[in-house]
Protein chains: 2
Amino acid sequence: MEMTLKRRETMHRLCGKGLEIFNEKGYYNTSLDDILNELSLSKGAFYHHFKSKEDYFINIVQNLIVQKVYALLIEPLDTDENPLPVIVESLENALEPGKKNEMAYGFMLNDFLTEFNKRNEEISGYLKNIVSVWEVNLVAVLKRGKVDGHIARHVDCEGAATYIIASYLGMRSLMTESSNRQLKYQYIQQLKQYFRSISAHQVLA
Amino acid sequence: MEMTLKRRETMHRLCGKGLEIFNEKGYYNTSLDDILNELSLSKGAFYHHFKSKEDYFINIVQNLIVQKVYALLIEPLDTDENPLPVIVESLENALEPGKKNEMAYGFMLNDFLTEFNKRNEEISGYLKNIVSVWEVNLVAVLKRGKVDGHIARHVDCEGAATYIIASYLGMRSLMTESSNRQLKYQYIQQLKQYFRSISAHQVLA
DNA sequence: CATTCAACCGACCCATAAGTCGGTTTGCTT
DNA sequence: AAGCAAACCGACTTATGGGTCGGTTGAATG
């Protein structure tokens, strides 16, 4: 099964570089040759592994993107502590410019969501699904926070989750190369302010 | 100057229909012919009035979009009342699905911002500028709210404005044809919750 | 009535980029 | 070493869409 290994490796390289460039320039603004040239691969190689550009990107979404969202935004929620600081920390971390040569700016869900909305229902569906999983997990962790006495009883957990997600996605629209540090700081501060207001122990600022 | 009138009218029709379709399908996913067919106009007519698709869209941005942002998001702020309910009302109104055949979903700043970011620096610049004007106005109105005793003294007005804008832009990523009513309600509720927390009179929920 | 020019027409040009296909290379198996 | 299939190559096809250009129309002007 050496060939299967070779296959896997090439597909993996393609997906990795693809995500990197799609993230930089957008899906529709990136040609396959842009990616292929970087990897010194040919059209033939590409179509030997994927049946279309769309199929290729679905692969990227369902492997790499899902995985990153889990790692950055969902798994960190799985603790027994007060959920609010945990959520803050996960978002703060997800907005961090990539250390080394990892993905810059935590994540690009908003960009892809917007790009495929109205243009490709299938891919759009996969992306929305990712957001939805994130939301479900946020709601769960908020509800637990209520039970554990960290979050005020009156809070609408679904609404809070939606609000958190919206603000995070929106931040990614505002953060363009420059300006980021300040914006991120402001965002985190206000998020904390909001969290204080839904916390069970009404700490005054 | 009858001709100038004709010219104006055709350009106006082009811009109106253009905004409508660009908003529906996205700028890069809309061909000039898509628009021209709807208006029964030709390529020749188009290029008689605009020097390029880009020039055309800049026209749309600087006339129609600027105007709508002012009408929906900026001018409503110009009152002497407590700014917080006024802001809520403007956002609520801006997220309203267009009555009659007006623009659906209040506004599409986030979509265009995302689409042109990384693809067209010039247009991107104009759009960012609109957001920036909105932000400046929000900050001003929040500061006035502080002076007037509606907003707590400790609040970072710039941060709050950023946070408000981010959450609004993000909502537009989440609101796809279906689902909207519920999402909007949740958003407004949580926004109010946040506003309560930066209000001078700490009303408990 | 002739002239003129803004407004408009639509066939054409050309660059881009997805996808095809007949081939070549590579490396494992026998 | 021969055979064979997976992996890969790259010229080609095809569709799309922005932009061009030589023309036509129609209304105002003299």
# chains A, B, ... in the order shown; residues from 1 in each chain; ligands from 1
>>> interface_residues(of="chain B", to="chain D", cutoff="10 Å", atoms="only C-alpha atoms (C1' of nucleotides)", output="CSV table (one decimal) with C-alpha atoms, in the first residue's frame")
chain,number,residue,atom,x,y,z
B,2,GLU,CA,-31.9,67.3,-22.1
B,3,MET,CA,-29.2,64.8,-22.9
B,30,THR,CA,-22.5,39.0,-11.3
B,31,SER,CA,-21.7,39.7,-15.0
B,32,LEU,CA,-22.5,43.0,-16.6
B,33,ASP,CA,-24.8,41.1,-18.9
B,43,LYS,CA,-22.6,46.7,-23.4
B,44,GLY,CA,-22.3,49.8,-25.5
B,47,TYR,CA,-19.5,51.7,-21.4
B,51,LYS,CA,-15.4,53.4,-17.8
B,52,SER,CA,-15.2,50.0,-16.2
B,53,LYS,CA,-17.1,47.6,-13.9
>>> residues_around(residues="Ile60 in chain B", least_positions_apart="3", cutoff="12 Å", atoms="only C-alpha atoms (C1' of nucleotides)", output="PyMOL selection string")
chain B and resi 11-23+27+50+53-57+63-68+112+123+126-127
>>> residues_around(residues="Trp134 in chain B", least_positions_apart="6", cutoff="10 Å", atoms="only C-alpha atoms (C1' of nucleotides)", output="PDB file with N, CA and C atoms, in the first residue's frame")
ATOM      1  N   VAL B  69     -26.325  53.864   4.330  1.00  0.00           N
ATOM      2  CA  VAL B  69     -25.718  53.745   5.653  1.00  0.00           C
ATOM      3  C   VAL B  69     -26.028  54.977   6.493  1.00  0.00           C
ATOM      4  N   TYR B  70     -25.923  56.116   5.849  1.00  0.00           N
ATOM      5  CA  TYR B  70     -26.286  57.332   6.576  1.00  0.00           C
ATOM      6  C   TYR B  70     -27.725  57.275   7.055  1.00  0.00           C
ATOM      7  N   LEU B  73     -28.129  54.071   9.616  1.00  0.00           N
ATOM      8  CA  LEU B  73     -27.282  53.826  10.782  1.00  0.00           C
ATOM      9  C   LEU B  73     -26.705  55.087  11.421  1.00  0.00           C
ATOM     10  N   ILE B  74     -26.628  56.143  10.669  1.00  0.00           N
ATOM     11  CA  ILE B  74     -25.949  57.326  11.211  1.00  0.00           C
ATOM     12  C   ILE B  74     -26.932  58.437  11.595  1.00  0.00           C
ATOM     13  N   GLU B  75     -27.770  58.830  10.655  1.00  0.00           N
ATOM     14  CA  GLU B  75     -28.702  59.908  10.972  1.00  0.00           C
ATOM     15  C   GLU B  75     -29.610  59.621  12.174  1.00  0.00           C
ATOM     16  N   LYS B 128     -14.355  50.448   3.842  1.00  0.00           N
ATOM     17  CA  LYS B 128     -13.837  50.600   5.200  1.00  0.00           C
ATOM     18  C   LYS B 128     -14.067  52.009   5.702  1.00  0.00           C
ATOM     19  N   ALA B 140     -18.985  59.229  19.042  1.00  0.00           N
ATOM     20  CA  ALA B 140     -19.420  60.570  19.445  1.00  0.00           C
ATOM     21  C   ALA B 140     -20.699  60.505  20.265  1.00  0.00           C
ATOM     22  N   ALA B 161     -18.014  50.960  20.617  1.00  0.00           N
ATOM     23  CA  ALA B 161     -18.415  51.149  19.219  1.00  0.00           C
ATOM     24  C   ALA B 161     -17.929  49.989  18.356  1.00  0.00           C
ATOM     25  N   ILE B 165     -20.327  47.365  16.276  1.00  0.00           N
ATOM     26  CA  ILE B 165     -20.176  47.168  14.835  1.00  0.00           C
ATOM     27  C   ILE B 165     -19.869  45.710  14.520  1.00  0.00           C
TER      28      ILE B 165
END
>>> interface_residues(of="chain C", to="chain A", cutoff="9 Å", atoms="only C-alpha atoms (C1' of nucleotides)", output="PyMOL selection string")
chain C and resi 17-19+28
>>> interface_residues(of="chain A", to="chain B", cutoff="8 Å", atoms="only C-alpha atoms", output="PyMOL selection string")
chain A and resi 24-26+29+110-111+113-115+117-119+154+158-160+162-171+173-174+176+183+186-187+189-191+193-194+196-198+205
>>> write_last_selection(atoms="N, CA and C atoms", output="short mmCIF file (atom, residue, chain, number, x, y, z; two decimals), in the first residue's frame")
data_model
loop_
_atom_site.label_atom_id
_atom_site.label_comp_id
_atom_site.auth_asym_id
_atom_site.auth_seq_id
_atom_site.Cartn_x
_atom_site.Cartn_y
_atom_site.Cartn_z
N GLU A 24 -5.79 33.24 2.08
CA GLU A 24 -5.13 34.50 1.75
C GLU A 24 -5.91 35.31 0.72
N LYS A 25 -6.32 34.61 -0.35
CA LYS A 25 -6.86 35.34 -1.49
C LYS A 25 -8.34 35.07 -1.76
N GLY A 26 -8.92 34.13 -1.06
CA GLY A 26 -10.31 33.77 -1.35
C GLY A 26 -10.38 32.62 -2.35
N ASN A 29 -11.02 33.66 -6.11
CA ASN A 29 -9.93 34.49 -6.62
C ASN A 29 -8.62 33.71 -6.72
N ASN A 110 -15.73 33.48 8.83
CA ASN A 110 -16.58 34.54 8.28
C ASN A 110 -16.32 34.76 6.80
N ASP A 111 -15.06 34.78 6.42
CA ASP A 111 -14.71 35.00 5.02
C ASP A 111 -15.33 33.94 4.12
N LEU A 113 -17.71 31.78 4.85
CA LEU A 113 -19.17 31.81 5.00
C LEU A 113 -19.77 32.82 4.03
N THR A 114 -19.20 34.00 4.03
CA THR A 114 -19.72 35.06 3.16
C THR A 114 -19.47 34.76 1.70
N GLU A 115 -18.29 34.20 1.41
CA GLU A 115 -17.96 33.95 0.01
C GLU A 115 -18.88 32.90 -0.62
N ASN A 117 -21.88 31.79 0.62
CA ASN A 117 -23.28 32.11 0.76
C ASN A 117 -23.75 32.71 -0.57
N LYS A 118 -24.84 32.25 -1.12
CA LYS A 118 -25.36 32.76 -2.40
C LYS A 118 -24.58 32.26 -3.61
N ARG A 119 -23.53 31.50 -3.42
CA ARG A 119 -22.75 31.08 -4.59
C ARG A 119 -22.64 29.57 -4.69
N HIS A 154 -31.42 34.07 34.68
CA HIS A 154 -32.33 34.65 33.67
C HIS A 154 -31.77 34.62 32.25
N GLU A 158 -29.12 30.32 24.37
CA GLU A 158 -29.09 30.31 22.90
C GLU A 158 -28.80 31.72 22.38
N GLY A 159 -29.47 32.68 22.92
CA GLY A 159 -29.24 34.06 22.50
C GLY A 159 -27.82 34.50 22.77
N ALA A 160 -27.32 34.15 23.94
CA ALA A 160 -25.95 34.54 24.29
C ALA A 160 -24.96 33.91 23.32
N THR A 162 -25.47 32.94 20.21
CA THR A 162 -25.60 33.64 18.93
C THR A 162 -24.84 34.97 18.96
N TYR A 163 -25.02 35.68 20.04
CA TYR A 163 -24.38 36.99 20.18
C TYR A 163 -22.87 36.87 20.19
N ILE A 164 -22.37 35.89 20.89
CA ILE A 164 -20.92 35.65 20.95
C ILE A 164 -20.38 35.33 19.56
N ILE A 165 -21.06 34.44 18.87
CA ILE A 165 -20.62 34.04 17.53
C ILE A 165 -20.66 35.23 16.57
N ALA A 166 -21.76 35.97 16.62
CA ALA A 166 -21.88 37.12 15.73
C ALA A 166 -20.74 38.10 15.94
N SER A 167 -20.44 38.40 17.18
CA SER A 167 -19.40 39.38 17.44
C SER A 167 -18.03 38.87 16.98
N TYR A 168 -17.82 37.58 17.16
CA TYR A 168 -16.55 36.99 16.72
C TYR A 168 -16.42 37.04 15.20
N LEU A 169 -17.48 36.62 14.51
CA LEU A 169 -17.43 36.65 13.05
C LEU A 169 -17.24 38.07 12.54
N GLY A 170 -17.94 38.98 13.15
CA GLY A 170 -17.85 40.38 12.74
C GLY A 170 -16.46 40.94 12.94
N MET A 171 -15.80 40.53 14.01
CA MET A 171 -14.44 41.00 14.26
C MET A 171 -13.52 40.65 13.11
N SER A 173 -14.27 40.58 10.11
CA SER A 173 -14.47 41.52 9.00
C SER A 173 -13.70 42.81 9.24
N LEU A 174 -13.58 43.14 10.49
CA LEU A 174 -12.92 44.41 10.82
C LEU A 174 -11.40 44.29 10.85
N THR A 176 -8.30 43.75 9.37
CA THR A 176 -7.53 43.61 8.15
C THR A 176 -6.09 43.96 8.49
N LEU A 183 -7.82 46.51 17.90
CA LEU A 183 -9.18 46.00 17.72
C LEU A 183 -9.44 44.79 18.59
N GLN A 186 -9.79 45.79 22.22
CA GLN A 186 -11.10 46.40 22.47
C GLN A 186 -12.20 45.35 22.53
N TYR A 187 -12.15 44.45 21.58
CA TYR A 187 -13.17 43.41 21.51
C TYR A 187 -13.21 42.58 22.78
N GLN A 189 -12.10 43.26 25.71
CA GLN A 189 -12.56 44.05 26.86
C GLN A 189 -14.08 44.14 26.92
N GLN A 190 -14.67 44.42 25.77
CA GLN A 190 -16.13 44.58 25.75
C GLN A 190 -16.83 43.25 25.94
N LEU A 191 -16.23 42.22 25.41
CA LEU A 191 -16.80 40.88 25.62
C LEU A 191 -16.83 40.56 27.11
N GLN A 193 -16.94 42.69 29.47
CA GLN A 193 -17.98 43.55 30.04
C GLN A 193 -19.35 42.87 29.90
N TYR A 194 -19.63 42.39 28.73
CA TYR A 194 -20.89 41.69 28.48
C TYR A 194 -21.00 40.46 29.37
N ARG A 196 -19.61 39.96 32.22
CA ARG A 196 -19.86 40.36 33.59
C ARG A 196 -21.37 40.53 33.81
N SER A 197 -22.04 41.04 32.78
CA SER A 197 -23.46 41.33 32.92
C SER A 197 -24.33 40.09 32.92
N ILE A 198 -23.81 38.99 32.40
CA ILE A 198 -24.60 37.76 32.46
C ILE A 198 -24.08 36.80 33.53
N ALA A 205 -17.71 46.86 37.56
CA ALA A 205 -16.40 47.18 36.95
C ALA A 205 -15.62 48.06 37.92
#
>>> select_by_dssp(residues="range 37-187 of chain B", states="helix (DSSP H, G or I)", output="PyMOL selection string")
chain B and resi 37-39+43-49+53-77+83-94+109-116+121-147+157-174+180-187
>>> atom_distance(atom1="CA of Thr79 in chain A", atom2="CA of Glu135 in chain A")
16.7 Å
>>> atom_distance(atom1="CA of Leu95 in chain B", atom2="CA of Val141 in chain A")
28.3 Å
>>> atom_distance(atom1="CA of Asp148 in chain A", atom2="CA of Glu89 in chain A")
19.3 Å
>>> residues_around(residues="range 144-146 of chain B", least_positions_apart="6", cutoff="7 Å", atoms="only C-alpha atoms (C1' of nucleotides)", output="PDB file with C-alpha atoms, in the first residue's frame")
ATOM      1  CA  ASN B  82     -30.400  58.374  25.746  1.00  0.00           C
ATOM      2  CA  PRO B  83     -28.144  56.985  22.982  1.00  0.00           C
ATOM      3  CA  ALA B 152     -21.315  54.766  32.950  1.00  0.00           C
ATOM      4  CA  ARG B 153     -18.153  56.805  33.299  1.00  0.00           C
TER       5      ARG B 153
END
